[in-house]
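A.B. asks: Provided below: my_file_0.txt, containing compact mmCIF, C-alpha atoms.
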```txt
# COMPACT_ATOMS: atom_id res chain seq x y z
CA MET A 30 122.47 166.79 75.02
CA ALA A 31 120.98 165.66 71.77
CA GLU A 32 119.97 168.35 69.32
CA PHE A 33 116.33 169.26 69.87
CA SER A 34 115.24 168.92 66.26
CA LYS A 35 116.84 165.45 66.04
CA GLN A 36 115.05 164.51 69.24
CA LEU A 37 111.68 165.54 67.81
CA GLU A 38 112.35 163.82 64.48
CA ARG A 39 113.11 160.54 66.23
CA LEU A 40 110.01 160.90 68.40
CA GLU A 41 107.89 161.43 65.32
CA ALA A 42 109.38 158.32 63.71
CA ILE A 43 108.71 156.26 66.83
CA VAL A 44 105.09 157.33 67.02
CA ARG A 45 104.53 156.68 63.31
CA ARG A 46 106.08 153.22 63.58
CA LEU A 47 104.02 152.39 66.64
CA GLU A 48 100.89 153.64 64.92
CA SER A 49 101.32 151.94 61.61
CA GLU A 50 103.14 148.67 62.04
CA ASP A 51 102.07 145.35 63.36
CA LEU A 52 104.79 145.01 65.95
CA ASP A 53 105.19 142.30 68.50
CA LEU A 54 104.67 143.45 72.05
CA ASP A 55 108.34 143.32 72.93
CA GLU A 56 109.31 145.65 70.12
CA ALA A 57 106.34 147.96 70.74
CA LEU A 58 107.32 148.23 74.38
CA LYS A 59 110.91 149.00 73.52
CA LEU A 60 109.82 151.77 71.13
CA PHE A 61 107.41 153.15 73.68
CA GLU A 62 110.09 153.28 76.35
CA GLU A 63 112.48 155.06 74.01
CA GLY A 64 109.73 157.51 73.08
CA VAL A 65 108.94 158.29 76.69
CA GLU A 66 112.61 158.82 77.48
CA ARG A 67 113.09 161.17 74.53
CA LEU A 68 109.94 163.07 75.41
CA ARG A 69 111.22 163.51 78.96
CA ALA A 70 114.59 164.78 77.66
CA ALA A 71 112.85 167.19 75.27
CA ARG A 72 110.67 168.56 78.05
CA GLU A 73 113.70 168.96 80.26
CA GLN A 74 115.48 170.91 77.52
CA LEU A 75 112.43 173.11 77.07
CA SER A 76 112.29 173.99 80.73
CA GLN A 77 115.83 175.33 80.64
CA ALA A 78 115.50 178.92 81.76
CA GLU A 79 118.64 180.78 80.83
CA LEU A 80 119.74 181.83 77.38
CA LYS A 81 123.46 181.34 76.85
CA VAL A 82 125.08 184.37 75.26
CA LYS A 83 128.58 184.32 73.86
CA LYS A 84 130.51 187.15 72.34
CA VAL A 85 132.59 185.87 69.48
CA LEU A 86 135.53 188.09 70.29
CA GLU A 87 135.80 186.27 73.61
CA ILE A 88 135.60 182.74 72.28
CA GLU A 89 137.72 183.22 69.21
CA SER A 90 141.44 183.00 69.53
CA PRO A 91 143.37 185.21 67.14
CA SER A 92 144.80 183.11 64.35
CA MET B 21 150.31 237.00 56.30
CA GLY B 22 150.52 238.30 52.70
CA ALA B 23 152.73 241.16 51.55
CA ARG B 24 151.12 244.56 51.84
CA LEU B 25 149.55 245.62 48.54
CA ASP B 26 151.49 248.67 47.44
CA LEU B 27 150.30 249.92 44.08
CA PHE B 28 153.36 252.12 43.52
CA SER B 29 155.96 249.47 44.05
CA ALA B 30 153.84 246.94 42.19
CA ALA B 31 153.87 249.16 39.19
CA SER B 32 157.63 248.78 38.71
CA THR B 33 159.85 245.74 38.35
CA GLU B 34 161.66 246.57 41.59
CA GLY B 35 158.53 245.78 43.51
CA ALA B 36 157.87 242.45 41.74
CA TRP B 37 156.16 239.72 43.84
CA THR B 38 157.22 236.16 43.95
CA VAL B 39 154.78 233.53 42.60
CA GLY B 40 154.29 232.17 46.08
CA GLU B 41 153.45 235.58 47.43
CA VAL B 42 150.79 236.07 44.76
CA THR B 43 149.09 232.71 45.30
CA LYS B 44 149.24 233.14 49.04
CA ARG B 45 147.75 236.62 48.72
CA ALA B 46 145.14 235.43 46.24
CA ARG B 47 144.14 232.63 48.62
CA ALA B 48 143.71 235.07 51.50
CA VAL B 49 141.64 237.42 49.36
CA ILE B 50 139.44 234.61 48.05
CA GLU B 51 138.88 233.02 51.43
CA ALA B 52 138.08 236.39 53.01
CA GLY B 53 135.80 237.50 50.19
CA LEU B 54 133.95 234.27 49.41
CA PRO B 55 132.46 232.42 52.39
CA PRO B 56 131.44 228.75 52.10
CA LEU B 57 128.54 228.58 49.65
CA TRP B 58 126.29 226.28 47.68
CA VAL B 59 127.30 225.90 44.03
CA ARG B 60 125.36 224.16 41.32
CA GLY B 61 126.97 222.45 38.33
CA GLU B 62 127.74 219.31 36.38
CA ILE B 63 130.41 216.83 37.43
CA ALA B 64 133.28 216.30 34.97
CA GLY B 65 136.58 214.42 35.13
CA PHE B 66 135.64 212.62 38.37
CA LYS B 67 138.47 210.65 39.95
CA ALA B 68 138.60 208.88 43.32
CA TRP B 69 142.11 208.48 44.61
CA ARG B 70 143.37 205.54 46.57
CA SER B 71 143.65 207.89 49.55
CA GLY B 72 139.87 208.20 49.39
CA HIS B 73 139.97 211.84 48.24
CA TRP B 74 137.84 212.80 45.26
CA TYR B 75 138.89 215.19 42.50
CA PHE B 76 136.60 216.54 39.82
CA SER B 77 135.45 219.67 38.05
CA LEU B 78 132.16 221.44 38.34
CA ARG B 79 131.09 223.13 35.16
CA ASP B 80 128.31 224.82 33.35
CA LYS B 81 128.09 226.20 29.80
CA SER B 82 130.46 229.07 30.41
CA ALA B 83 133.02 228.00 33.05
CA GLN B 84 134.50 225.32 35.23
CA ILE B 85 136.06 225.07 38.69
CA ARG B 86 138.38 222.43 40.09
CA CYS B 87 136.96 220.69 43.15
CA VAL B 88 138.35 218.44 45.87
CA MET B 89 136.33 216.46 48.39
CA PHE B 90 138.43 214.83 51.08
CA ALA B 91 137.91 211.29 52.31
CA LYS B 92 136.74 212.36 55.74
CA GLN B 93 133.90 214.24 54.03
CA ASN B 94 132.95 211.68 51.39
CA PHE B 95 133.41 208.34 53.16
CA MET B 96 129.74 207.57 53.46
CA LEU B 97 128.75 208.91 50.07
CA PRO B 98 128.24 206.87 46.97
CA ALA B 99 130.54 208.23 44.25
CA PRO B 100 128.96 210.53 41.65
CA THR B 101 129.57 210.03 37.96
CA ASP B 102 130.50 212.43 35.20
CA GLY B 103 127.60 214.36 33.75
CA MET B 104 125.64 214.25 36.99
CA GLN B 105 124.00 217.50 38.08
CA VAL B 106 124.91 218.27 41.66
CA PHE B 107 124.85 220.84 44.41
CA VAL B 108 127.99 221.24 46.45
CA PHE B 109 128.48 223.11 49.66
CA ALA B 110 132.08 224.26 49.38
CA ARG B 111 134.74 226.65 50.57
CA PRO B 112 136.33 228.59 47.67
CA SER B 113 140.06 228.59 47.97
CA MET B 114 143.39 228.61 46.12
CA TYR B 115 145.49 225.51 45.61
CA GLU B 116 148.74 227.37 45.95
CA GLU B 117 151.16 224.84 44.50
CA LYS B 118 149.32 224.85 41.19
CA GLY B 119 147.98 228.37 41.36
CA GLU B 120 144.54 226.94 40.83
CA PHE B 121 141.28 228.29 42.07
CA GLN B 122 139.35 225.44 43.65
CA LEU B 123 136.40 224.49 45.77
CA THR B 124 136.92 222.38 48.86
CA VAL B 125 133.65 220.46 48.91
CA MET B 126 132.06 219.61 52.25
CA GLU B 127 128.72 218.33 51.06
CA LEU B 128 127.54 216.96 47.76
CA LEU B 129 123.94 216.37 46.72
CA SER B 130 122.56 215.05 43.51
CA THR B 131 119.77 217.07 41.96
CA ASP B 132 118.27 213.85 40.58
CA GLN B 133 115.25 212.32 42.25
CA GLY B 134 116.34 210.93 45.61
CA GLY B 135 119.87 212.11 45.19
CA LEU B 136 123.10 210.20 45.06
CA TRP B 137 121.88 207.60 47.52
CA LYS B 138 119.02 206.60 45.34
CA LEU B 139 121.24 206.41 42.28
CA ALA B 140 123.90 204.33 44.01
CA PHE B 141 121.22 202.08 45.50
CA GLU B 142 119.63 201.45 42.12
CA LYS B 143 123.01 200.82 40.52
CA ALA B 144 124.04 198.26 43.15
CA LYS B 145 120.59 196.70 43.08
CA ALA B 146 120.85 196.28 39.33
CA ALA B 147 124.24 194.60 39.73
CA LEU B 148 122.89 192.23 42.39
CA THR B 149 119.83 191.46 40.28
CA LYS B 150 122.03 190.69 37.31
CA ASP B 151 123.91 188.13 39.40
CA GLY B 152 120.62 186.55 40.49
CA LEU B 153 121.15 187.47 44.14
CA LEU B 154 117.69 189.02 44.53
CA ASP B 155 115.89 186.00 43.10
CA PRO B 156 113.17 184.99 45.61
CA ALA B 157 113.90 181.34 44.78
CA ARG B 158 117.26 181.76 46.52
CA ARG B 159 115.60 182.35 49.86
CA ARG B 160 116.15 179.53 52.27
CA ARG B 161 113.76 178.25 54.90
CA LEU B 162 114.61 179.01 58.50
CA PRO B 163 115.42 176.05 60.76
CA PRO B 164 112.41 175.22 62.98
CA PHE B 165 114.48 174.57 66.12
CA PRO B 166 117.73 176.55 65.89
CA ARG B 167 120.53 175.52 68.20
CA ARG B 168 122.92 178.40 67.52
CA ILE B 169 121.74 181.86 66.56
CA ALA B 170 124.36 184.40 65.56
CA VAL B 171 123.80 188.13 65.65
CA VAL B 172 125.76 190.86 63.92
CA THR B 173 124.96 194.16 65.52
CA SER B 174 126.28 196.97 67.63
CA PRO B 175 127.36 195.51 71.01
CA ASP B 176 125.64 198.24 73.00
CA GLY B 177 122.56 199.05 70.94
CA ALA B 178 118.91 198.58 71.76
CA ALA B 179 118.73 196.05 68.93
CA LEU B 180 120.87 193.53 70.83
CA ARG B 181 118.90 194.08 74.03
CA ASP B 182 115.61 193.41 72.22
CA LEU B 183 116.95 190.31 70.47
CA GLN B 184 118.29 188.86 73.68
CA ALA B 185 115.02 189.47 75.54
CA VAL B 186 112.83 187.88 72.86
CA ILE B 187 115.05 184.85 72.24
CA GLY B 188 115.53 184.36 75.99
CA ARG B 189 111.76 184.27 76.47
CA ARG B 190 110.84 182.13 73.46
CA TRP B 191 113.74 179.77 72.92
CA PRO B 192 116.41 179.81 75.64
CA ILE B 193 117.59 176.38 74.47
CA ALA B 194 119.50 178.20 71.76
CA GLU B 195 122.92 179.65 72.18
CA LEU B 196 123.19 183.28 71.13
CA ILE B 197 126.47 184.15 69.48
CA VAL B 198 126.99 187.88 69.35
CA VAL B 199 129.50 189.21 66.88
CA PRO B 200 129.87 192.90 67.61
CA ALA B 201 130.28 195.18 64.63
CA GLN B 202 130.41 198.85 64.01
CA VAL B 203 127.13 199.55 62.29
CA GLN B 204 127.67 203.18 61.35
CA GLY B 205 130.53 205.47 60.50
CA ALA B 206 133.52 205.17 58.21
CA LYS B 207 134.50 201.67 59.32
CA ALA B 208 131.02 200.15 59.30
CA GLU B 209 131.27 198.47 55.89
CA ALA B 210 134.57 196.73 56.70
CA SER B 211 133.47 195.90 60.24
CA VAL B 212 130.19 194.28 59.15
CA CYS B 213 131.97 192.34 56.39
CA SER B 214 134.59 190.98 58.76
CA ALA B 215 131.90 189.98 61.29
CA LEU B 216 130.06 188.13 58.51
CA ASN B 217 133.25 186.36 57.46
CA ARG B 218 133.86 185.24 61.00
CA ILE B 219 130.36 183.82 61.37
CA ALA B 220 130.55 182.03 58.02
CA ARG B 221 133.16 179.75 59.62
CA LEU B 222 131.13 178.99 62.76
CA PRO B 223 128.53 176.22 63.13
CA VAL B 224 125.51 178.51 63.23
CA ASP B 225 121.91 177.61 62.26
CA VAL B 226 120.61 181.09 61.56
CA LEU B 227 122.03 184.61 61.46
CA ILE B 228 120.36 187.89 62.34
CA VAL B 229 121.85 191.13 61.03
CA ALA B 230 120.31 193.93 63.04
CA ARG B 231 120.47 197.66 63.41
CA GLY B 232 118.06 200.18 64.85
CA GLY B 233 116.63 202.93 62.69
CA GLY B 234 118.56 205.88 61.39
CA SER B 235 119.03 208.27 58.51
CA VAL B 236 120.05 207.15 55.05
CA GLU B 237 123.64 207.95 55.94
CA ASP B 238 123.38 205.92 59.17
CA LEU B 239 122.20 202.87 57.24
CA TRP B 240 124.85 203.34 54.62
CA ALA B 241 126.85 200.20 55.41
CA PHE B 242 123.76 198.05 54.82
CA ASN B 243 123.29 199.57 51.40
CA SER B 244 126.83 198.77 50.37
CA GLU B 245 127.10 196.27 47.57
CA ARG B 246 130.02 194.62 49.36
CA VAL B 247 127.97 193.94 52.50
CA ALA B 248 125.03 192.77 50.40
CA ARG B 249 127.22 190.27 48.57
CA ALA B 250 128.71 189.03 51.85
CA VAL B 251 125.19 188.49 53.24
CA ALA B 252 124.13 186.65 50.09
CA ALA B 253 127.15 184.35 50.40
CA MET B 254 126.45 183.27 53.99
CA PRO B 255 126.14 179.49 54.33
CA MET B 256 123.19 179.71 56.75
CA PRO B 257 119.84 181.52 56.40
CA VAL B 258 120.01 185.23 57.21
CA ILE B 259 117.33 187.44 58.73
CA SER B 260 117.82 191.13 58.12
CA ALA B 261 116.38 193.72 60.50
CA ILE B 262 117.80 197.05 59.47
CA GLY B 263 116.33 200.42 60.29
CA HIS B 264 112.60 200.90 60.28
CA GLU B 265 109.96 199.32 58.19
CA THR B 266 110.07 202.06 55.59
CA ASP B 267 113.78 201.87 54.76
CA VAL B 268 114.53 198.86 52.63
CA THR B 269 118.26 198.29 52.39
CA LEU B 270 120.21 196.10 49.99
CA CYS B 271 120.99 193.87 52.94
CA ASP B 272 117.24 193.39 53.45
CA LEU B 273 116.82 192.51 49.80
CA VAL B 274 119.45 189.76 49.69
CA ALA B 275 118.52 188.26 53.08
CA ASP B 276 116.41 185.10 53.30
CA LEU B 277 113.89 186.97 55.41
CA ARG B 278 113.36 190.63 56.13
CA ALA B 279 112.04 191.57 59.56
CA PRO B 280 110.69 195.03 60.33
CA THR B 281 112.43 195.24 63.72
CA PRO B 282 115.09 193.31 65.68
CA SER B 283 112.35 191.89 67.96
CA ALA B 284 110.44 190.63 64.94
CA ALA B 285 113.65 189.05 63.64
CA ALA B 286 114.10 187.22 66.94
CA GLU B 287 110.52 185.95 66.76
CA ALA B 288 110.98 184.75 63.21
CA ALA B 289 114.19 182.94 64.16
CA THR B 290 112.73 180.98 67.07
CA PRO B 291 109.78 178.76 67.93
CA ASP B 292 107.86 179.58 71.11
CA ARG B 293 108.73 176.99 73.71
CA VAL B 294 105.21 177.10 75.18
CA GLU B 295 103.86 175.93 71.83
CA VAL B 296 106.57 173.30 71.51
CA LEU B 297 105.73 171.98 74.98
CA ALA B 298 102.10 171.67 73.89
CA GLN B 299 103.31 169.78 70.81
CA CYS B 300 105.28 167.46 73.09
CA GLY B 301 102.09 166.78 75.04
CA ILE B 302 100.35 165.75 71.84
CA VAL B 303 103.25 163.48 70.88
CA GLY B 304 103.03 161.90 74.33
CA GLN B 305 99.33 161.21 73.86
CA ARG B 306 99.93 159.68 70.46
CA LEU B 307 102.68 157.54 71.93
CA ALA B 308 100.41 156.20 74.66
CA ARG B 309 97.55 155.58 72.26
CA ALA B 310 99.84 153.84 69.79
CA LEU B 311 101.14 151.55 72.51
CA ARG B 312 97.61 150.78 73.61
CA ILE B 313 96.66 149.86 70.05
CA ALA B 314 99.81 147.83 69.52
CA SER B 315 99.28 145.91 72.77
CA ARG B 316 95.60 145.42 72.02
CA HIS B 317 96.54 143.49 68.89
CA VAL B 318 98.77 141.27 70.91
CA VAL B 319 96.18 140.75 73.66
CA GLU B 320 93.52 139.92 71.09
CA ARG B 321 95.77 137.35 69.54
CA LEU B 322 96.50 135.93 72.94
CA ASP B 323 92.80 135.79 73.72
CA ARG B 324 92.04 134.03 70.48
CA THR B 325 94.73 131.44 71.19
CA GLY B 326 93.43 130.90 74.71
CA ASP B 327 89.90 130.39 73.45
CA ARG B 328 91.04 127.81 70.97
CA LEU B 329 92.98 126.03 73.66
CA VAL B 330 89.97 125.87 75.94
CA ARG B 331 87.66 124.75 73.13
CA CYS B 332 90.09 122.09 72.14
CA MET B 333 90.38 120.76 75.70
CA GLU B 334 86.65 120.84 76.14
CA SER B 335 85.95 118.82 73.04
CA ARG B 336 88.59 116.31 74.02
CA LEU B 337 87.08 116.04 77.45
CA GLU B 338 83.65 115.61 75.92
CA LYS B 339 84.88 112.76 73.78
CA SER B 340 86.57 111.12 76.74
CA GLY B 341 83.37 111.45 78.75
CA ALA B 342 81.28 109.71 76.08
CA LEU B 343 83.80 106.87 75.86
CA LEU B 344 83.77 106.46 79.59
CA THR B 345 79.96 106.17 79.61
CA ALA B 346 80.06 103.53 76.88
CA HIS B 347 82.76 101.60 78.68
CA SER B 348 80.94 101.70 81.96
CA ALA B 349 77.73 100.44 80.25
CA ARG B 350 79.60 97.48 78.84
CA LEU B 351 81.29 96.87 82.14
CA ASP B 352 77.93 97.02 83.78
CA ALA B 353 76.45 94.41 81.42
CA LEU B 354 79.32 92.08 82.13
CA SER B 355 79.11 92.46 85.84
CA PRO B 356 78.42 89.12 87.68
CA LEU B 357 76.21 91.05 90.02
CA ARG B 358 73.77 91.54 87.13
CA VAL B 359 73.75 87.77 86.57
CA LEU B 360 73.10 87.07 90.23
CA GLY B 361 70.29 89.60 89.98
CA ARG B 362 68.59 87.42 87.46
CA GLY B 363 68.43 84.56 90.06
CA TYR B 364 71.73 82.75 89.52
CA ALA B 365 73.99 81.96 92.51
CA VAL B 366 77.72 81.26 92.84
CA ALA B 367 79.08 78.57 95.18
CA ARG B 368 82.66 78.81 96.46
CA ASP B 369 84.67 76.73 98.96
CA LYS B 370 86.34 78.32 101.94
CA ASN B 371 89.32 79.25 99.77
CA GLY B 372 87.12 81.22 97.40
CA GLN B 373 87.43 78.54 94.66
CA ILE B 374 84.28 78.49 92.53
CA LEU B 375 82.53 75.12 92.64
CA LYS B 376 81.20 74.45 89.17
CA ARG B 377 81.04 70.59 88.95
CA VAL B 378 79.36 67.74 90.81
CA ALA B 379 82.75 66.20 91.53
CA GLN B 380 83.67 69.33 93.48
CA LEU B 381 80.69 68.89 95.69
CA PRO B 382 80.90 65.52 97.57
CA SER B 383 78.45 64.75 100.36
CA GLY B 384 79.16 66.80 103.51
CA LYS B 385 81.19 69.49 101.63
CA GLU B 386 80.79 72.93 103.10
CA PHE B 387 80.50 75.88 100.77
CA ARG B 388 79.45 79.49 100.63
CA LEU B 389 76.69 80.59 98.34
CA ARG B 390 76.71 84.08 96.85
CA VAL B 391 73.29 85.37 95.89
CA THR B 392 72.33 88.80 94.67
CA ASP B 393 72.07 90.48 98.10
CA GLY B 394 74.67 88.56 100.19
CA GLU B 395 76.18 85.15 101.12
CA VAL B 396 74.98 82.18 103.08
CA ASN B 397 76.72 79.00 104.29
CA GLY B 398 75.61 75.57 103.06
CA ARG B 399 76.50 71.81 103.20
CA VAL B 400 75.96 69.06 100.56
CA GLN B 401 73.56 66.25 101.85
```
Write the structure described by the file as structure tokens, please.

C.D. replies:
Amino acid sequence: MAEFSKQLERLEAIVRRLESEDLDLDEALKLFEEGVERLRAAREQLSQAELKVKKVLEIESPS
Amino acid sequence: MGARLDLFSAASTEGAWTVGEVTKRARAVIEAGLPPLWVRGEIAGFKAWRSGHWYFSLRDKSAQIRCVMFAKQNFMLPAPTDGMQVFVFARPSMYEEKGEFQLTVMELLSTDQGGLWKLAFEKAKAALTKDGLLDPARRRRLPPFPRRIAVVTSPDGAALRDLQAVIGRRWPIAELIVVPAQVQGAKAEASVCSALNRIARLPVDVLIVARGGGSVEDLWAFNSERVARAVAAMPMPVISAIGHETDVTLCDLVADLRAPTPSAAAEAATPDRVEVLAQCGIVGQRLARALRIASRHVVERLDRTGDRLVRCMESRLEKSGALLTAHSARLDALSPLRVLGRGYAVARDKNGQILKRVAQLPSGKEFRLRVTDGEVNGRVQ
């Protein structure tokens, strides 16, 4: 799963590009579809309910 | 068990005591006659041994006493310096091997404002300041959407429970990496430092160092210069939540953010997912609107092109129509029917051949005559 902050950054870039540039319909549609997909993934991540807790002593092997 | 004090035998050489007997006896007398007591004096000749034991003298204008303070008594204390006025709570005794009267110190307090703690704190703070570690410009911004949050704290304290509850509610997307450490007692300093070292090697976005409230002694590890320097050297931003709001530790001072409680630290470290979801909604709206605008441009262009196409066709059609009318007028003028209309007639033989000359019309020749409204048959006379 992509890192959440990266996901949001990309979304922001997509929206800005869509808002500002004179794109042809094909490109605009492609951007829109990517934006919708990323938004869906972000929402899915946000609805995750359980915090994962790790104790370092358990995950670290003695070196 | 000292030798019985016999004044008669002690008065002659036959009854002489050994050195060991005297010191042993002296120790018993001293320990029986002088209970543990508070003594006030000035520190002189202070020396901390590698074993952790401290040796020094307490003196005033007229006398001095040797003192020892063992490691198990002094481990949490900042070391005093020569010339410092102190109170000690000590057991008077005899160090038999050297025949020295000494105090075994159990507690040591500075008479200066705030005591030894305050002095040690100010000294370490000055050292950290000198190295620029307390410069506010050093403070880093916390990541807005942390993926991994590490926590150094006691594995079974309320602090960890609070942190876990708040992060679990606000930002469960994160992974919480708990590095248990001893946060009080003799091993706390080393334990916290080794936990910090371990985390420094892990891919962690933000670190929380937490400990519930306690006395100055309980928070000792977080006032150690060594721990403070380790915190300052962490590669990721650090939130410090040590003790209660009123106790500021060195660890708090070097951290990128100081939180009054572990729960507050967890809130500072995480966004609230409810708010982020609302943000996502706004992004979605912007996305839809942007697409609408982008497609409107395209549709408008398409419309404009269509209009031009239609206009173009229309004007061509118009031109063609005018031409057609002109042509049909000319055609009309040329039509033989118009000529017949004016009273002329056309004679043709039975093969349809037009009979224009006299020679074509001998007597008795049959022909057909076309007039404006039909044909009739005729014969030349």

A.B. asks: What is the distance between atom CA of Ile43 of chain A and atom CA of Leu60 of chain A, in Å to one decimal?

C.D. replies: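 Going from atom CA of Ile43 of chain A over to atom CA of Leu60 of chain A covers 6.3 Å.
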
A.B. asks: Name the closest residue to chain A among the candidates B:Gly301, B:Gly232, B:Pro282, B:Pro192; distances are taken between atoms, counting only C-alpha atoms.

C.D. replies: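 Smallest separation from chain A among the options: B:Pro192.
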
A.B. asks: Counting only C-alpha atoms, which residues of chain B come no farther than 6 Å from chain A, as a compact mmCIF listing (two decimals) with C-alpha atoms, keeping the file's coordinate frame?

C.D. replies:
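That gives us iface03.txt:
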```
# COMPACT_ATOMS: atom_id res chain seq x y z
CA PHE B 165 114.48 174.57 66.12
CA GLY B 188 115.53 184.36 75.99
CA PRO B 192 116.41 179.81 75.64
CA GLU B 195 122.92 179.65 72.18
CA LEU B 196 123.19 183.28 71.13
CA ILE B 197 126.47 184.15 69.48
CA VAL B 198 126.99 187.88 69.35
CA VAL B 199 129.50 189.21 66.88
CA LEU B 307 102.68 157.54 71.93
CA ALA B 310 99.84 153.84 69.79
CA SER B 315 99.28 145.91 72.77
```

A.B. asks: Atom CA of Val366 of chain B and atom CA of Ser348 of chain B are how many Å apart?

C.D. replies: 23.4 Å

A.B. asks: Could you list, as a PyMOL selection string, every residue within 12 Å of Gly372 of chain B, counting only C-alpha atoms and ignoring same-chain residues fewer than 3 positions away?

C.D. replies: chain B and resi 366-369+375+386-390

A.B. asks: Dump C-alpha atoms for the selected residues as an mmCIF file, keeping the file's coordinate frame?

C.D. replies:
```
data_model
loop_
_atom_site.group_PDB
_atom_site.id
_atom_site.type_symbol
_atom_site.label_atom_id
_atom_site.label_comp_id
_atom_site.auth_asym_id
_atom_site.auth_seq_id
_atom_site.Cartn_x
_atom_site.Cartn_y
_atom_site.Cartn_z
ATOM 1 C CA VAL B 366 77.720 81.260 92.840
ATOM 2 C CA ALA B 367 79.080 78.570 95.180
ATOM 3 C CA ARG B 368 82.660 78.810 96.460
ATOM 4 C CA ASP B 369 84.670 76.730 98.960
ATOM 5 C CA LEU B 375 82.530 75.120 92.640
ATOM 6 C CA GLU B 386 80.790 72.930 103.100
ATOM 7 C CA PHE B 387 80.500 75.880 100.770
ATOM 8 C CA ARG B 388 79.450 79.490 100.630
ATOM 9 C CA LEU B 389 76.690 80.590 98.340
ATOM 10 C CA ARG B 390 76.710 84.080 96.850
#
```

A.B. asks: What does the structure give for the distance between atom CA of Glu320 of chain B and atom CA of Arg39 of chain A, in Å to one decimal?

C.D. replies: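 Taking atom CA of Glu320 of chain B as the start and atom CA of Arg39 of chain A as the end point, the length is 28.9 Å.
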
A.B. asks: The centre and edge lengths of an axis-aligned box containing all atoms of segment 74-86 of chain A present in the file, extended by 8 Å on each side, are to be given in Å to one decimal, as AutoDock Vina command-line options.

C.D. replies:
```
--center_x 123.9 --center_y 179.5 --center_z 75.6 --size_x 39.2 --size_y 33.2 --size_z 28.3
```
